[in-house]
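What follows is one structure encoded as structure tokens, with my remarks underneath.
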Amino acid sequence: MTTTININDLPTALQGTLVAEENRLDFWPAMHHSNIFEAMNLEGMIFDVAEKQSSDYTGGLWEFVVLDADKKIYYIYPDQTDDLTVQGIMNYSKATMSPRFFGLMTTMLCLAWRGDQTGDERYYAAYRNLHGYARTALEEIYLPYDDVAESEWPEEVVQAANLLGTMHSFLD
């Protein structure tokens with residue numbers, strides 16, 4: 001049985017800073033300790049997994065987002081306007097996601113998988129950092145309303161709760 005959750009966009013805390021076009025060539029080496037070959041392998045994996053998770057994804061340009069440059073917390077997402085129907089390839093979860101959230105989830109998943117493939121602790125650390133950052137940002141919105149009836153939640157709180165639930169369904 002699958003559950004469909006409509007997720008339209010990300011809260012401001014997860015929108016981060018877009019990497020300017022003139023800085024895109026430096027993005028992957030900066031995030032991967034100057035190892036462009038590993039970065040290219042990860043990027044290819046992200047594109048491949050995106051294609052397997054959603055028939056709505058058809059390739060094209062991806063945007064690079066930095067959430068915390070010092071801690072190398074980042075994600076990438078497809079530059080498209082329509083939401084994507086996503087079928088999780090690990091546990092068959094189903095959701096409709098904005099391109100940004102789809103990219104965030106796909107980046108997290110691939111960081112963990114690349115760590116498994118290479119045994120490189122830096123991938124696991126990158127996954128934990130991104131997952132922790134996203135979870136904390138969403139919990140800061142949701143937790144103050146934990147004792148409030150759901151019917152009284154503002155839209156931003158409903159969205160944060162849905163995003164947290166989807167992260168749990170697809171990743172945990």
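Ordering of the structure tokens sets the chain letters (A, B, ...), residue numbers begin anew at 1 in every chain, and ligands are numbered from 1 in the order given.
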Exercise. Any idea what's packed within 12 Å of Leu163 (chain A), counting only C-alpha atoms, ignoring anything in its chain fewer than 4 positions away? Could you give it as a ChimeraX atom specification?
Worked result: /A:5-11,14,95-98,100-102,104-105,134-139,141-142,156-159,167-171
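For chain A, backbone-based DSSP assignment of strand (DSSP E) covers Thr17, Leu18, Trp62, Glu63, Phe64, Val65, Val66, Leu67, Asp68, Ile73, Tyr74, Tyr75, Ile76, Tyr77, Pro78, Leu84, Thr85, Val86, Gln87, Lys94, Ala95, Thr96 and Met97 of chain A.
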Exercise. Which is closest to Glu63 (chain A) among A:Val19, A:Val86, A:Ala149, A:Ala160, if we use only C-alpha atoms?
Worked result: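 Checking each of A:Val19, A:Val86, A:Ala149, A:Ala160 against Glu63 (chain A), counting only C-alpha atoms, the winner is A:Val19.
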Seminar exercise, completed: Shortest contact to Gln80 (chain A), candidates A:Leu164, A:Leu61, A:Val148, A:Leu67, atoms counted only C-alpha atoms, goes to A:Leu61
Compile the contact shell of Trp62 (chain A) as a PDB file with C-alpha atoms, in the first residue's frame: residues with an atom at most 9 Å away, counting only C-alpha atoms, same-chain residues fewer than 6 positions apart removed.
```pdb
ATOM      1  CA  ILE A  76      20.994  19.572  -6.131  1.00  0.00           C
ATOM      2  CA  TYR A  77      17.593  19.588  -7.806  1.00  0.00           C
ATOM      3  CA  PRO A  78      16.196  19.501 -11.359  1.00  0.00           C
ATOM      4  CA  ASP A  79      15.396  22.923 -12.803  1.00  0.00           C
ATOM      5  CA  GLN A  80      11.802  22.251 -13.754  1.00  0.00           C
ATOM      6  CA  GLY A 103      16.383  16.851  -5.401  1.00  0.00           C
TER       7      GLY A 103
END
```
For this session: Would you list the contacts of Ser55 (chain A) as a list in words, taking every protein, DNA or RNA residue within 10 Å and counting only C-alpha atoms, but skipping same-chain residues closer than 4 positions in sequence?
Result: Ala50, Glu51, Leu84, Thr85, Val86 and Gln87 of chain A
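Between CA of Ser93 (chain A) and CA of Asp68 (chain A) there is a distance of 28.9 Å.
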For this session: Using backbone DSSP assignments, extract all alpha helix (DSSP H) residues from chain A; output them as a ChimeraX atom specification.
Result: /A:24-31,36-53,99-118,121-142,155-171
Restricting the output to C-alpha atoms, write the selected residues as an mmCIF file, in the first residue's frame.
```cif
data_model
loop_
_atom_site.group_PDB
_atom_site.id
_atom_site.type_symbol
_atom_site.label_atom_id
_atom_site.label_comp_id
_atom_site.auth_asym_id
_atom_site.auth_seq_id
_atom_site.Cartn_x
_atom_site.Cartn_y
_atom_site.Cartn_z
ATOM 1 C CA ARG A 24 29.141 25.842 -10.987
ATOM 2 C CA LEU A 25 32.433 24.296 -12.164
ATOM 3 C CA ASP A 26 33.897 24.806 -8.688
ATOM 4 C CA PHE A 27 30.867 23.425 -6.837
ATOM 5 C CA TRP A 28 31.574 19.683 -6.934
ATOM 6 C CA PRO A 29 35.307 19.902 -6.159
ATOM 7 C CA ALA A 30 34.593 22.285 -3.267
ATOM 8 C CA MET A 31 32.043 19.886 -1.794
ATOM 9 C CA ILE A 36 36.268 15.780 -9.296
ATOM 10 C CA PHE A 37 36.085 12.113 -10.313
ATOM 11 C CA GLU A 38 34.192 11.118 -7.177
ATOM 12 C CA ALA A 39 31.954 14.148 -7.618
ATOM 13 C CA MET A 40 31.165 13.148 -11.195
ATOM 14 C CA ASN A 41 30.298 9.620 -10.045
ATOM 15 C CA LEU A 42 27.929 11.026 -7.422
ATOM 16 C CA GLU A 43 26.322 13.420 -9.896
ATOM 17 C CA GLY A 44 25.752 10.595 -12.392
ATOM 18 C CA MET A 45 24.258 8.446 -9.641
ATOM 19 C CA ILE A 46 21.863 11.255 -8.655
ATOM 20 C CA PHE A 47 20.658 11.634 -12.253
ATOM 21 C CA ASP A 48 20.208 7.869 -12.613
ATOM 22 C CA VAL A 49 18.316 7.490 -9.341
ATOM 23 C CA ALA A 50 16.120 10.484 -10.218
ATOM 24 C CA GLU A 51 15.150 8.802 -13.464
ATOM 25 C CA LYS A 52 14.339 5.535 -11.675
ATOM 26 C CA GLN A 53 12.263 7.230 -8.965
ATOM 27 C CA PRO A 99 11.552 19.581 -7.802
ATOM 28 C CA ARG A 100 13.493 21.060 -4.853
ATOM 29 C CA PHE A 101 12.301 18.457 -2.354
ATOM 30 C CA PHE A 102 12.784 15.699 -4.919
ATOM 31 C CA GLY A 103 16.383 16.851 -5.401
ATOM 32 C CA LEU A 104 16.980 17.106 -1.659
ATOM 33 C CA MET A 105 15.712 13.564 -1.088
ATOM 34 C CA THR A 106 17.588 12.158 -4.086
ATOM 35 C CA THR A 107 20.835 13.842 -3.028
ATOM 36 C CA MET A 108 20.506 12.405 0.500
ATOM 37 C CA LEU A 109 19.781 8.928 -0.785
ATOM 38 C CA CYS A 110 22.725 8.976 -3.194
ATOM 39 C CA LEU A 111 25.172 10.309 -0.602
ATOM 40 C CA ALA A 112 24.345 7.331 1.614
ATOM 41 C CA TRP A 113 24.556 4.860 -1.279
ATOM 42 C CA ARG A 114 27.842 6.305 -2.527
ATOM 43 C CA GLY A 115 29.230 5.891 0.964
ATOM 44 C CA ASP A 116 28.174 2.231 0.841
ATOM 45 C CA GLN A 117 29.829 1.777 -2.569
ATOM 46 C CA THR A 118 33.122 3.444 -1.717
ATOM 47 C CA GLU A 121 33.268 8.158 5.472
ATOM 48 C CA ARG A 122 32.997 11.609 3.861
ATOM 49 C CA TYR A 123 29.872 10.492 1.983
ATOM 50 C CA TYR A 124 28.270 9.217 5.170
ATOM 51 C CA ALA A 125 29.184 12.482 6.890
ATOM 52 C CA ALA A 126 27.706 14.489 3.999
ATOM 53 C CA TYR A 127 24.493 12.433 4.253
ATOM 54 C CA ARG A 128 24.274 12.849 8.041
ATOM 55 C CA ASN A 129 24.946 16.579 7.777
ATOM 56 C CA LEU A 130 22.294 17.132 5.092
ATOM 57 C CA HIS A 131 19.738 14.885 6.788
ATOM 58 C CA GLY A 132 20.372 16.508 10.181
ATOM 59 C CA TYR A 133 20.188 20.011 8.730
ATOM 60 C CA ALA A 134 16.897 19.293 6.962
ATOM 61 C CA ARG A 135 15.376 17.506 9.961
ATOM 62 C CA THR A 136 16.379 20.304 12.349
ATOM 63 C CA ALA A 137 15.023 23.026 10.039
ATOM 64 C CA LEU A 138 11.674 21.239 9.755
ATOM 65 C CA GLU A 139 11.471 20.419 13.474
ATOM 66 C CA GLU A 140 12.058 24.079 14.363
ATOM 67 C CA ILE A 141 8.861 24.864 12.452
ATOM 68 C CA TYR A 142 6.841 21.872 13.647
ATOM 69 C CA GLU A 155 0.061 26.004 6.605
ATOM 70 C CA GLU A 156 3.842 26.192 7.182
ATOM 71 C CA VAL A 157 3.530 23.761 10.122
ATOM 72 C CA VAL A 158 1.395 21.348 8.097
ATOM 73 C CA GLN A 159 4.012 21.478 5.335
ATOM 74 C CA ALA A 160 6.904 20.873 7.773
ATOM 75 C CA ALA A 161 5.090 17.897 9.302
ATOM 76 C CA ASN A 162 4.420 16.445 5.829
ATOM 77 C CA LEU A 163 8.046 16.924 4.801
ATOM 78 C CA LEU A 164 9.295 15.266 7.993
ATOM 79 C CA GLY A 165 6.928 12.351 7.422
ATOM 80 C CA THR A 166 8.076 11.980 3.837
ATOM 81 C CA MET A 167 11.743 12.080 4.834
ATOM 82 C CA HIS A 168 10.983 9.285 7.307
ATOM 83 C CA SER A 169 9.057 7.264 4.700
ATOM 84 C CA PHE A 170 11.751 7.530 2.030
ATOM 85 C CA LEU A 171 14.968 7.514 4.044
#
```
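Of the residues listed (A:Ser151, A:Asn35, A:Ser54, A:Thr17), A:Thr17 shows the shortest atom-to-atom separation from Tyr75 (chain A); distances use only C-alpha atoms.
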